[in-house]
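Quick look at protein39.pdb (PDB, C-alpha atoms):
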```pdb
ATOM      1  CA  MET A   1      72.364 144.451 185.868
ATOM      2  CA  VAL A   2      71.616 147.259 188.316
ATOM      3  CA  THR A   3      72.930 149.799 185.797
ATOM      4  CA  HIS A   4      70.590 148.453 183.122
ATOM      5  CA  LEU A   5      67.631 148.499 185.515
ATOM      6  CA  LYS A   6      68.405 152.165 186.172
ATOM      7  CA  LEU A   7      68.588 152.704 182.417
ATOM      8  CA  ALA A   8      65.183 151.021 182.011
ATOM      9  CA  VAL A   9      63.649 153.411 184.560
ATOM     10  CA  ARG A  10      65.089 156.416 182.736
ATOM     11  CA  LEU A  11      63.771 155.137 179.412
ATOM     12  CA  ILE A  12      60.298 154.613 180.893
ATOM     13  CA  LEU A  13      60.176 158.065 182.528
ATOM     14  CA  ALA A  14      61.505 160.009 179.524
ATOM     15  CA  PRO A  15      58.921 162.149 177.664
ATOM     16  CA  LYS A  16      57.256 160.154 174.893
ATOM     17  CA  SER A  17      58.229 162.716 172.246
ATOM     18  CA  VAL A  18      61.959 162.508 173.051
ATOM     19  CA  ASN A  19      64.387 160.498 170.928
ATOM     20  CA  ILE A  20      67.001 158.725 173.046
ATOM     21  CA  PHE A  21      70.515 157.729 172.005
ATOM     22  CA  VAL A  22      72.125 155.141 174.306
ATOM     23  CA  ARG A  23      75.883 155.351 173.866
ATOM     24  CA  GLU A  24      76.860 152.023 175.422
ATOM     25  CA  PHE A  25      75.212 148.871 176.733
ATOM     26  CA  ILE A  26      75.881 145.246 177.670
ATOM     27  CA  THR A  27      73.865 142.879 175.509
ATOM     28  CA  ILE A  28      72.489 140.285 177.947
ATOM     29  CA  PRO A  29      71.395 142.712 180.725
ATOM     30  CA  LEU A  30      69.758 144.879 178.060
ATOM     31  CA  LEU A  31      67.814 141.866 176.749
ATOM     32  CA  ILE A  32      66.639 140.986 180.261
ATOM     33  CA  THR A  33      65.294 144.511 180.875
ATOM     34  CA  THR A  34      63.728 144.914 177.410
ATOM     35  CA  PRO A  35      60.129 144.066 178.499
ATOM     36  CA  LEU A  36      60.164 147.111 180.813
ATOM     37  CA  TRP A  37      60.637 149.646 178.011
ATOM     38  CA  TRP A  38      59.788 147.649 174.871
ATOM     39  CA  HIS A  39      56.800 149.899 174.092
ATOM     40  CA  ARG A  40      59.246 152.834 173.767
ATOM     41  CA  ARG A  41      61.639 151.043 171.387
ATOM     42  CA  ASN A  42      60.842 153.148 168.298
ATOM     43  CA  ARG A  43      62.269 156.249 169.980
ATOM     44  CA  ILE A  44      65.504 154.643 171.193
ATOM     45  CA  LEU A  45      68.830 153.948 169.446
ATOM     46  CA  PHE A  46      71.494 151.737 171.009
ATOM     47  CA  LEU A  47      75.051 152.251 169.803
ATOM     48  CA  SER A  48      77.037 149.024 169.581
ATOM     49  CA  ASN A  49      80.675 149.334 170.615
ATOM     50  CA  HIS A  50      82.031 145.950 171.736
ATOM     51  CA  ASN A  51      78.703 144.094 171.430
ATOM     52  CA  ILE A  52      79.109 142.810 167.874
ATOM     53  CA  GLN A  53      82.593 141.480 168.630
ATOM     54  CA  PHE A  54      81.276 139.684 171.704
ATOM     55  CA  ALA A  55      78.354 138.279 169.688
ATOM     56  CA  TYR A  56      80.734 137.052 167.006
ATOM     57  CA  ASN A  57      82.833 135.229 169.627
ATOM     58  CA  LYS A  58      80.184 133.981 172.076
ATOM     59  CA  LEU A  59      76.983 132.085 171.341
ATOM     60  CA  SER A  60      75.129 133.525 174.354
ATOM     61  CA  HIS A  61      75.810 137.104 173.228
ATOM     62  CA  ARG A  62      74.956 136.205 169.641
ATOM     63  CA  ILE A  63      71.580 134.797 170.687
ATOM     64  CA  ALA A  64      70.887 137.829 172.891
ATOM     65  CA  LEU A  65      71.784 140.327 170.160
ATOM     66  CA  THR A  66      69.691 138.408 167.609
ATOM     67  CA  LEU A  67      66.668 138.427 169.928
ATOM     68  CA  LEU A  68      67.044 142.171 170.457
ATOM     69  CA  VAL A  69      67.198 142.849 166.711
ATOM     70  CA  LYS A  70      64.261 140.566 165.941
ATOM     71  CA  GLY A  71      62.319 142.199 168.771
ATOM     72  CA  GLY A  72      62.494 145.513 166.955
ATOM     73  CA  ILE A  73      65.244 147.080 169.072
ATOM     74  CA  ARG A  74      67.232 149.553 166.959
ATOM     75  CA  ILE A  75      70.925 148.755 167.391
ATOM     76  CA  VAL A  76      73.408 150.882 165.477
ATOM     77  CA  ALA A  77      76.524 149.258 164.006
ATOM     78  CA  LEU A  78      79.730 151.232 163.548
ATOM     79  CA  GLU A  79      81.478 151.267 160.154
ATOM     80  CA  LEU A  80      80.117 148.030 158.632
ATOM     81  CA  PRO A  81      76.877 145.985 158.728
ATOM     82  CA  TYR A  82      76.783 143.128 161.194
ATOM     83  CA  TYR A  83      73.563 141.143 160.650
ATOM     84  CA  GLU A  84      75.266 138.436 158.588
ATOM     85  CA  LEU A  85      77.981 138.043 161.238
ATOM     86  CA  ILE A  86      75.407 136.906 163.791
ATOM     87  CA  GLY A  87      73.324 134.861 161.347
ATOM     88  CA  ILE A  88      70.583 137.319 160.388
ATOM     89  CA  ARG A  89      69.685 137.681 156.725
ATOM     90  CA  LYS A  90      70.312 141.080 155.239
ATOM     91  CA  CYS A  91      67.290 143.328 155.585
ATOM     92  CA  SER A  92      66.395 146.970 155.154
ATOM     93  CA  ASN A  93      66.324 147.985 158.816
ATOM     94  CA  GLU A  94      70.055 147.609 159.488
ATOM     95  CA  ILE A  95      71.546 150.904 160.728
ATOM     96  CA  VAL A  96      75.226 151.732 160.204
ATOM     97  CA  PHE A  97      77.030 154.862 161.422
ATOM     98  CA  PRO A  98      80.587 156.008 160.806
ATOM     99  CA  PHE A  99      82.732 155.948 163.930
ATOM    100  CA  PRO A 100      82.699 159.576 165.122
ATOM    101  CA  ILE A 101      85.789 161.745 165.159
ATOM    102  CA  THR A 102      86.370 164.745 167.341
ATOM    103  CA  PHE A 103      87.559 168.049 165.991
ATOM    104  CA  HIS A 104      90.903 168.567 167.632
ATOM    105  CA  PRO A 105      92.858 171.803 167.270
ATOM    106  CA  TYR A 106      96.235 170.180 167.892
ATOM    107  CA  LYS A 107      98.640 170.200 165.002
ATOM    108  CA  ARG A 108     101.378 167.671 164.384
ATOM    109  CA  GLN A 109     104.437 168.632 166.380
ATOM    110  CA  HIS A 110     107.301 169.236 163.966
ATOM    111  CA  ARG A 111     110.145 169.253 166.401
ATOM    112  CA  GLU A 112     113.763 169.690 165.436
ATOM    113  CA  ARG A 113     114.790 166.067 165.735
ATOM    114  CA  ARG A 114     116.758 163.795 163.489
ATOM    115  CA  LYS A 115     114.812 160.595 164.049
ATOM    116  CA  LEU A 116     111.422 159.382 162.881
ATOM    117  CA  ARG A 117     109.239 158.880 165.956
ATOM    118  CA  VAL A 118     107.347 155.575 165.917
ATOM    119  CA  GLY A 119     104.617 155.725 168.539
ATOM    120  CA  VAL A 120     102.745 153.187 170.634
ATOM    121  CA  LEU A 121      99.870 154.352 172.826
ATOM    122  CA  THR A 122      98.486 151.709 175.143
ATOM    123  CA  SER A 123      96.900 150.969 178.489
ATOM    124  CA  PHE A 124      98.705 147.589 178.419
ATOM    125  CA  ARG A 125      95.456 145.627 178.411
ATOM    126  CA  ARG A 126      96.043 142.046 177.298
ATOM    127  CA  GLU A 127      94.031 142.375 174.070
ATOM    128  CA  GLN A 128      96.234 145.305 172.953
ATOM    129  CA  ARG A 129      99.324 143.033 172.831
ATOM    130  CA  ALA A 130     101.507 146.008 173.736
ATOM    131  CA  GLU A 131     104.435 144.069 175.171
ATOM    132  CA  GLU A 132     104.803 141.934 172.040
ATOM    133  CA  LEU A 133     104.541 145.024 169.822
ATOM    134  CA  ILE A 134     107.102 146.969 171.859
ATOM    135  CA  ASP A 135     109.562 144.056 171.784
ATOM    136  CA  HIS A 136     109.251 143.869 167.999
ATOM    137  CA  LEU A 137     109.497 147.627 167.388
ATOM    138  CA  SER A 138     112.390 147.951 169.833
ATOM    139  CA  GLU A 139     114.419 145.557 167.714
ATOM    140  CA  VAL A 140     113.313 147.282 164.512
ATOM    141  CA  CYS A 141     114.154 150.788 165.735
ATOM    142  CA  SER A 142     117.553 149.736 167.055
ATOM    143  CA  THR A 143     118.730 148.830 163.565
ATOM    144  CA  GLU A 144     121.511 151.258 162.697
ATOM    145  CA  SER A 145     120.368 151.627 159.104
ATOM    146  CA  ARG A 146     117.074 153.124 160.338
ATOM    147  CA  ASN A 147     117.004 156.555 161.890
ATOM    148  CA  TRP A 148     113.980 155.807 164.070
ATOM    149  CA  GLU A 149     113.079 156.206 167.732
ATOM    150  CA  LEU A 150     110.431 154.240 169.634
ATOM    151  CA  ALA A 151     108.102 156.278 171.885
ATOM    152  CA  VAL A 152     105.548 154.657 174.197
ATOM    153  CA  ALA A 153     102.710 156.592 175.847
ATOM    154  CA  SER A 154     100.567 155.177 178.641
ATOM    155  CA  ARG A 155      98.638 156.077 181.773
ATOM    156  CA  SER A 156     100.204 153.049 183.474
ATOM    157  CA  GLN A 157     103.482 154.281 184.915
ATOM    158  CA  GLY A 158     104.288 150.830 186.286
ATOM    159  CA  HIS A 159     104.121 149.218 182.858
ATOM    160  CA  LEU A 160     106.122 152.073 181.354
ATOM    161  CA  ASN A 161     108.845 151.486 183.911
ATOM    162  CA  ASN A 162     108.953 147.829 182.885
ATOM    163  CA  VAL A 163     109.699 148.657 179.233
ATOM    164  CA  VAL A 164     111.837 151.765 179.684
ATOM    165  CA  THR A 165     115.060 149.927 178.764
ATOM    166  CA  LYS A 166     113.548 148.841 175.431
ATOM    167  CA  ILE A 167     112.368 152.253 174.224
ATOM    168  CA  HIS A 168     113.825 155.661 173.438
ATOM    169  CA  VAL A 169     111.050 157.928 174.747
ATOM    170  CA  SER A 170     108.667 157.323 177.658
ATOM    171  CA  LEU A 171     105.518 159.468 177.737
ATOM    172  CA  PRO A 172     103.479 159.142 180.974
ATOM    173  CA  LEU A 173      99.884 160.278 180.479
ATOM    174  CA  GLU A 174      98.526 162.096 183.501
ATOM    175  CA  SER A 175      95.957 164.281 181.759
ATOM    176  CA  ASP A 176      94.011 164.724 178.524
ATOM    177  CA  GLU A 177      96.571 167.337 177.558
ATOM    178  CA  ASP A 178      99.327 164.723 177.867
ATOM    179  CA  TYR A 179      97.285 162.299 175.763
ATOM    180  CA  TRP A 180      96.805 164.664 172.827
ATOM    181  CA  SER A 181     100.336 165.985 173.068
ATOM    182  CA  ALA A 182     101.744 162.448 172.906
ATOM    183  CA  ILE A 183      99.715 161.492 169.836
ATOM    184  CA  SER A 184     100.536 164.694 167.987
ATOM    185  CA  SER A 185     104.264 164.136 168.673
ATOM    186  CA  PHE A 186     104.266 160.829 166.779
ATOM    187  CA  ASP A 187     105.265 160.623 163.130
ATOM    188  CA  VAL A 188     103.378 157.336 162.888
ATOM    189  CA  ILE A 189     101.420 155.272 165.406
ATOM    190  CA  VAL A 190     101.401 151.456 165.402
ATOM    191  CA  LEU A 191      98.705 149.209 166.895
ATOM    192  CA  SER A 192      98.708 145.436 167.376
ATOM    193  CA  TYR A 193      95.275 144.503 168.694
ATOM    194  CA  ASP A 194      94.286 140.869 169.221
ATOM    195  CA  ARG A 195      91.953 139.496 166.540
ATOM    196  CA  THR A 196      89.503 137.872 168.961
ATOM    197  CA  ALA A 197      88.950 141.214 170.693
ATOM    198  CA  TYR A 198      89.090 143.655 167.755
ATOM    199  CA  GLU A 199      88.253 141.897 164.481
ATOM    200  CA  TYR A 200      84.805 143.546 164.456
ATOM    201  CA  ARG A 201      85.412 146.405 166.855
ATOM    202  CA  THR A 202      86.421 150.032 166.408
ATOM    203  CA  SER A 203      89.411 151.841 167.914
ATOM    204  CA  GLY A 204      89.164 155.282 169.459
ATOM    205  CA  VAL A 205      92.952 155.659 169.312
ATOM    206  CA  ILE A 206      92.793 155.406 165.523
ATOM    207  CA  THR A 207      90.333 158.268 165.158
ATOM    208  CA  ASP A 208      92.223 160.400 167.671
ATOM    209  CA  ALA A 209      95.439 159.869 165.705
ATOM    210  CA  ILE A 210      93.643 160.768 162.487
ATOM    211  CA  ALA A 211      92.272 163.914 164.139
ATOM    212  CA  CYS A 212      95.897 164.907 164.771
ATOM    213  CA  ALA A 213      96.866 164.042 161.161
ATOM    214  CA  VAL A 214      99.092 161.184 162.369
ATOM    215  CA  PRO A 215      99.103 158.122 160.075
ATOM    216  CA  VAL A 216      98.153 154.763 161.585
ATOM    217  CA  ILE A 217      99.504 151.251 161.018
ATOM    218  CA  CYS A 218      97.153 148.586 162.353
ATOM    219  CA  PRO A 219      96.107 144.943 161.831
ATOM    220  CA  ASP A 220      94.096 144.094 158.739
ATOM    221  CA  TYR A 221      90.722 143.625 160.434
ATOM    222  CA  PRO A 222      87.555 144.755 158.599
ATOM    223  CA  ILE A 223      86.534 147.570 160.969
ATOM    224  CA  LEU A 224      90.034 148.937 161.637
ATOM    225  CA  ALA A 225      90.845 148.848 157.912
ATOM    226  CA  ARG A 226      87.656 150.775 157.226
ATOM    227  CA  GLN A 227      88.602 153.392 159.822
ATOM    228  CA  VAL A 228      91.982 154.153 158.258
ATOM    229  CA  ASN A 229      90.792 154.022 154.640
ATOM    230  CA  TRP A 230      87.441 155.847 154.597
ATOM    231  CA  PRO A 231      86.767 158.553 153.572
ATOM    232  CA  ALA A 232      90.482 159.148 152.874
ATOM    233  CA  LYS A 233      93.584 157.029 153.388
ATOM    234  CA  MET A 234      95.169 157.775 156.758
ATOM    235  CA  GLY A 235      97.138 154.597 157.303
ATOM    236  CA  LEU A 236      98.101 151.109 156.230
ATOM    237  CA  VAL A 237      97.147 147.640 157.469
ATOM    238  CA  TYR A 238      99.233 144.502 157.965
ATOM    239  CA  ARG A 239      98.704 140.786 158.464
ATOM    240  CA  ASN A 240     102.045 140.014 160.109
ATOM    241  CA  LEU A 241     104.194 142.119 162.419
ATOM    242  CA  GLU A 242     107.133 141.399 160.132
ATOM    243  CA  ASP A 243     105.460 143.630 157.527
ATOM    244  CA  VAL A 244     105.375 146.676 159.836
ATOM    245  CA  PRO A 245     108.899 148.103 159.176
ATOM    246  CA  ALA A 246     108.227 148.350 155.434
ATOM    247  CA  LEU A 247     104.881 150.045 156.116
ATOM    248  CA  ILE A 248     106.520 152.535 158.480
ATOM    249  CA  SER A 249     109.019 153.416 155.766
ATOM    250  CA  LYS A 250     106.161 153.876 153.333
ATOM    251  CA  VAL A 251     104.002 156.226 155.435
ATOM    252  CA  ALA A 252     107.089 158.202 156.476
ATOM    253  CA  LYS A 253     107.238 159.422 152.885
ATOM    254  CA  TRP A 254     103.645 160.676 152.803
ATOM    255  CA  PRO A 255     103.528 164.476 152.484
ATOM    256  CA  VAL A 256     102.386 166.294 155.606
ATOM    257  CA  ALA A 257     100.009 168.403 153.503
ATOM    258  CA  ASP A 258      98.297 165.257 152.174
ATOM    259  CA  LEU A 259      97.871 163.896 155.690
ATOM    260  CA  ALA A 260      96.388 167.200 156.871
ATOM    261  CA  ALA A 261      93.922 167.181 153.972
ATOM    262  CA  ALA A 262      92.941 163.557 154.663
ATOM    263  CA  SER A 263      92.450 164.364 158.358
ATOM    264  CA  LYS A 264      90.101 167.225 157.458
ATOM    265  CA  GLU A 265      88.126 164.924 155.163
ATOM    266  CA  HIS A 266      87.673 162.444 158.020
ATOM    267  CA  GLN A 267      86.465 165.253 160.251
ATOM    268  CA  ARG A 268      84.068 166.390 157.537
ATOM    269  CA  GLN A 269      82.582 162.932 156.913
ATOM    270  CA  ARG A 270      82.604 161.700 160.509
ATOM    271  CA  GLY A 271      82.061 164.919 162.418
ATOM    272  CA  GLN A 272      79.299 166.581 164.383
ATOM    273  CA  GLN A 273      77.394 167.982 161.400
ATOM    274  CA  VAL A 274      77.147 164.567 159.714
ATOM    275  CA  TYR A 275      75.971 162.964 162.939
ATOM    276  CA  GLY A 276      73.310 165.645 163.292
ATOM    277  CA  GLU A 277      72.038 164.856 159.800
ATOM    278  CA  ILE A 278      72.001 161.103 160.489
ATOM    279  CA  LEU A 279      70.132 161.507 163.773
ATOM    280  CA  ASP A 280      67.625 163.882 162.177
ATOM    281  CA  SER A 281      67.006 161.277 159.488
ATOM    282  CA  LEU A 282      66.522 158.503 162.036
ATOM    283  CA  SER A 283      64.207 160.613 164.192
ATOM    284  CA  SER A 284      62.026 160.920 161.097
ATOM    285  CA  GLY A 285      61.797 157.150 160.926
ATOM    286  CA  ASN A 286      64.346 156.565 158.169
ATOM    287  CA  ASN A 287      67.108 154.053 158.737
ATOM    288  CA  ARG A 288      70.439 155.043 157.267
ATOM    289  CA  THR A 289      73.609 153.370 156.168
ATOM    290  CA  HIS A 290      76.285 156.035 155.916
ATOM    291  CA  GLY A 291      79.295 156.187 153.636
ATOM    292  CA  ARG A 292      78.645 153.077 151.523
TER     293      ARG A 292
END
```
Would you kindly transcribe this structure into C-alpha cells?
Amino acid sequence: MVTHLKLAVRLILAPKSVNIFVREFITIPLLITTPLWWHRRNRILFLSNHNIQFAYNKLSHRIALTLLVKGGIRIVALELPYYELIGIRKCSNEIVFPFPITFHPYKRQHRERRKLRVGVLTSFRREQRAEELIDHLSEVCSTESRNWELAVASRSQGHLNNVVTKIHVSLPLESDEDYWSAISSFDVIVLSYDRTAYEYRTSGVITDAIACAVPVICPDYPILARQVNWPAKMGLVYRNLEDVPALISKVAKWPVADLAAASKEHQRQRGQQVYGEILDSLSSGNNRTHGR
C-alpha cells in the first residue's frame, strides 16, 4: 500500500504533458489510490503481468480490475484480450501488447557432446512444479534407448543440492552471465507451470529461451501457447507430462537454422522498435491490439 501511495505521488507530480508507463502494479492497492491521480488517467498506461491471472482466480481482484477498467484506467494486457475473462463485454478500448523480448547476442552453444541436453530452469517456487517435472524427466532421460541428459539451472543452491542425484548436470546461477549461458547451453527447455498460477500469465523464461534460439516445451495454456507460436513457432505445448518425451524427440529434429530464423522473427515482432511504434500510437490517443 505504501508503494502505491508513493506511486500516486509520482503520478500527481509528473509534468502534465508526459506519458507514463507503469510496468507493474497490484490491483487492489492501485484501485484504492485511484482517486488521487484519476484526473491524470489519460496519460498513464498500466502493464498487467500477474493481475489478470489473479482476477481470473479471485473475485476480489476481479471486481477491483473491473472497477479500474470501467473507471477509464488504461490497463494493457499481454498477448491476448482479457475483458471477457473478468466479465466485461468486448469493447473498442481494450489494449493488447505482445510480451516483449530482449535482443540477446548469445548464440546456442554447440558443444562437442553426445547427448541431447534437456533443460529445466527454475527458482523452485511452488507454482513452477519443478520437483515433479525433474522427477519425471529424470526417469525419461535415464532410459537407455534415449541419448539424453537432464540439466537443471537455478539460483537456489540448496534446492539444486536436493535434486543432484536425479540429474546429469547442475548449473548454479550466480549472475546474469550464468543465467544466459545456462539457457543457451540447452537443446530444449521444458516448463511445467501450475494452471491456477499461469493459465493467463506470461513467462519471461520462454522469451529468454526464444531469444537464445532454444525451443520451448510448455503446458497448453492460452498465453504460453501464444508466446511459443507467434509470430513463428519456437516450441510445442502439452496437456499431460506423459506427452513430453515425444515432443522432445520432435523438437530435437528441428533444424538449427530454422530456429535461428524463428528467433529473429520474434525479436522483430516483439522488440524495441515495435514497442516504440505501439507507444507512439497510444500517446496519440489510439488504442492498439498488436499481432492479431
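For the file shown, the residue list from the PyMOL selection byres ((chain A and resi 78-88) around 8) reads Leu47, Ser48, Asn49, Ile52, Ala55, Tyr56, Arg62, Thr66, Val76, Ala77, Arg89, Lys90, Glu94, Ile95, Val96, Phe97, Pro98, Phe99, Thr202, Ile223, Arg226 and Gln227 of chain A.
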Return the single residue from A:Ala151, A:Ala182, A:Leu31, A:Cys212 that is closest to A:Ala260, with distances computed using only C-alpha atoms.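 Closest to A:Ala260 of all the choices is A:Cys212.
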Axis-aligned box for all listed atoms of stretch 271-286 of chain A, 3 Å per side, centre and edges in Å to one decimal, as JSON:
```
{"center_x": 71.9, "center_y": 162.3, "center_z": 161.3, "size_x": 26.3, "size_y": 17.4, "size_z": 12.2}
```
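Here atom CA of A:Ala197 and atom CA of A:Ala211 stand 23.9 Å from one another.
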Selection result for the PyMOL selection byres ((chain A and resi 167) around 12) on this file, as a VMD selection string: chain A and resid 117 to 120 131 133 to 142 148 to 153 160 to 166 168 to 171
Name the closest residue to A:Gln267 among the candidates A:Ile101, A:Leu241, A:Val22, A:Ile248; distances are taken between atoms, counting all atoms listed in the file. A:Ile101
Quick one: residues within 10 Å of A:Phe25, all atoms listed in the file counted, chain neighbours fewer than 5 positions away excluded, as a PyMOL selection string? chain A and resi 3-4+7+30+46-51
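Once the PyMOL selection byres ((chain A and resi 210) around 9) is applied to the shown structure, the selection contains Ile101, Val205, Ile206, Thr207, Asp208, Ala209, Ala211, Cys212, Ala213, Val214, Pro215, Val216, Val228, Met234, Gly235, Leu259, Ala260, Ala262, Ser263, Lys264, His266 and Gln267 of chain A.
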I need the residues from that last selection saved to file as a PDB file, keeping the file's coordinate frame (with C-alpha atoms), if you can.
```pdb
ATOM      1  CA  ILE A 101      85.789 161.745 165.159  1.00  0.00           C
ATOM      2  CA  VAL A 205      92.952 155.659 169.312  1.00  0.00           C
ATOM      3  CA  ILE A 206      92.793 155.406 165.523  1.00  0.00           C
ATOM      4  CA  THR A 207      90.333 158.268 165.158  1.00  0.00           C
ATOM      5  CA  ASP A 208      92.223 160.400 167.671  1.00  0.00           C
ATOM      6  CA  ALA A 209      95.439 159.869 165.705  1.00  0.00           C
ATOM      7  CA  ALA A 211      92.272 163.914 164.139  1.00  0.00           C
ATOM      8  CA  CYS A 212      95.897 164.907 164.771  1.00  0.00           C
ATOM      9  CA  ALA A 213      96.866 164.042 161.161  1.00  0.00           C
ATOM     10  CA  VAL A 214      99.092 161.184 162.369  1.00  0.00           C
ATOM     11  CA  PRO A 215      99.103 158.122 160.075  1.00  0.00           C
ATOM     12  CA  VAL A 216      98.153 154.763 161.585  1.00  0.00           C
ATOM     13  CA  VAL A 228      91.982 154.153 158.258  1.00  0.00           C
ATOM     14  CA  MET A 234      95.169 157.775 156.758  1.00  0.00           C
ATOM     15  CA  GLY A 235      97.138 154.597 157.303  1.00  0.00           C
ATOM     16  CA  LEU A 259      97.871 163.896 155.690  1.00  0.00           C
ATOM     17  CA  ALA A 260      96.388 167.200 156.871  1.00  0.00           C
ATOM     18  CA  ALA A 262      92.941 163.557 154.663  1.00  0.00           C
ATOM     19  CA  SER A 263      92.450 164.364 158.358  1.00  0.00           C
ATOM     20  CA  LYS A 264      90.101 167.225 157.458  1.00  0.00           C
ATOM     21  CA  HIS A 266      87.673 162.444 158.020  1.00  0.00           C
ATOM     22  CA  GLN A 267      86.465 165.253 160.251  1.00  0.00           C
TER      23      GLN A 267
END
```
When distances are computed from all atoms listed in the file, which of A:Pro219, A:Pro245, A:Gly158, A:Pro35 shows the smallest separation from A:Leu5?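 The shortest atom-to-atom distance to A:Leu5 comes from A:Pro35.
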Interatomic distance (Å, one decimal) between atom CA of A:Glu174 and atom CA of A:Glu132: 24.0 Å
Report, in Å to a single decimal, how far apart atom CA of A:Glu199 and atom CA of A:Asn57 are. 10.0 Å
Of the candidates A:Arg146, A:Ser283, A:Leu121, A:Leu36, which shows the shortest atom-to-atom distance to A:Ser184, using all atoms listed in the file? A:Leu121
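Candidate residues A:Ser145, A:Phe21, A:Trp38, A:Phe54 were compared for distance to A:Val9, and the nearest is A:Trp38, using all atoms listed in the file.
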Name the closest residue to A:Lys58 among the candidates A:Val18, A:Ala246, A:Ile28, A:Ile75; distances are taken between atoms, counting only C-alpha atoms. A:Ile28
Any idea what's packed within 12 Å of A:Val274, counting all atoms listed in the file, ignoring anything in its chain fewer than 2 positions away? Could you give it as a PDB file with C-alpha atoms, in the frame of the given file?
```
ATOM      1  CA  PHE A  97      77.030 154.862 161.422  1.00  0.00           C
ATOM      2  CA  PRO A  98      80.587 156.008 160.806  1.00  0.00           C
ATOM      3  CA  PHE A  99      82.732 155.948 163.930  1.00  0.00           C
ATOM      4  CA  PRO A 100      82.699 159.576 165.122  1.00  0.00           C
ATOM      5  CA  ILE A 101      85.789 161.745 165.159  1.00  0.00           C
ATOM      6  CA  THR A 102      86.370 164.745 167.341  1.00  0.00           C
ATOM      7  CA  GLU A 265      88.126 164.924 155.163  1.00  0.00           C
ATOM      8  CA  HIS A 266      87.673 162.444 158.020  1.00  0.00           C
ATOM      9  CA  GLN A 267      86.465 165.253 160.251  1.00  0.00           C
ATOM     10  CA  ARG A 268      84.068 166.390 157.537  1.00  0.00           C
ATOM     11  CA  GLN A 269      82.582 162.932 156.913  1.00  0.00           C
ATOM     12  CA  ARG A 270      82.604 161.700 160.509  1.00  0.00           C
ATOM     13  CA  GLY A 271      82.061 164.919 162.418  1.00  0.00           C
ATOM     14  CA  GLN A 272      79.299 166.581 164.383  1.00  0.00           C
ATOM     15  CA  GLY A 276      73.310 165.645 163.292  1.00  0.00           C
ATOM     16  CA  GLU A 277      72.038 164.856 159.800  1.00  0.00           C
ATOM     17  CA  ILE A 278      72.001 161.103 160.489  1.00  0.00           C
ATOM     18  CA  LEU A 279      70.132 161.507 163.773  1.00  0.00           C
ATOM     19  CA  ASP A 280      67.625 163.882 162.177  1.00  0.00           C
ATOM     20  CA  SER A 281      67.006 161.277 159.488  1.00  0.00           C
ATOM     21  CA  ARG A 288      70.439 155.043 157.267  1.00  0.00           C
ATOM     22  CA  HIS A 290      76.285 156.035 155.916  1.00  0.00           C
ATOM     23  CA  GLY A 291      79.295 156.187 153.636  1.00  0.00           C
TER      24      GLY A 291
END
```
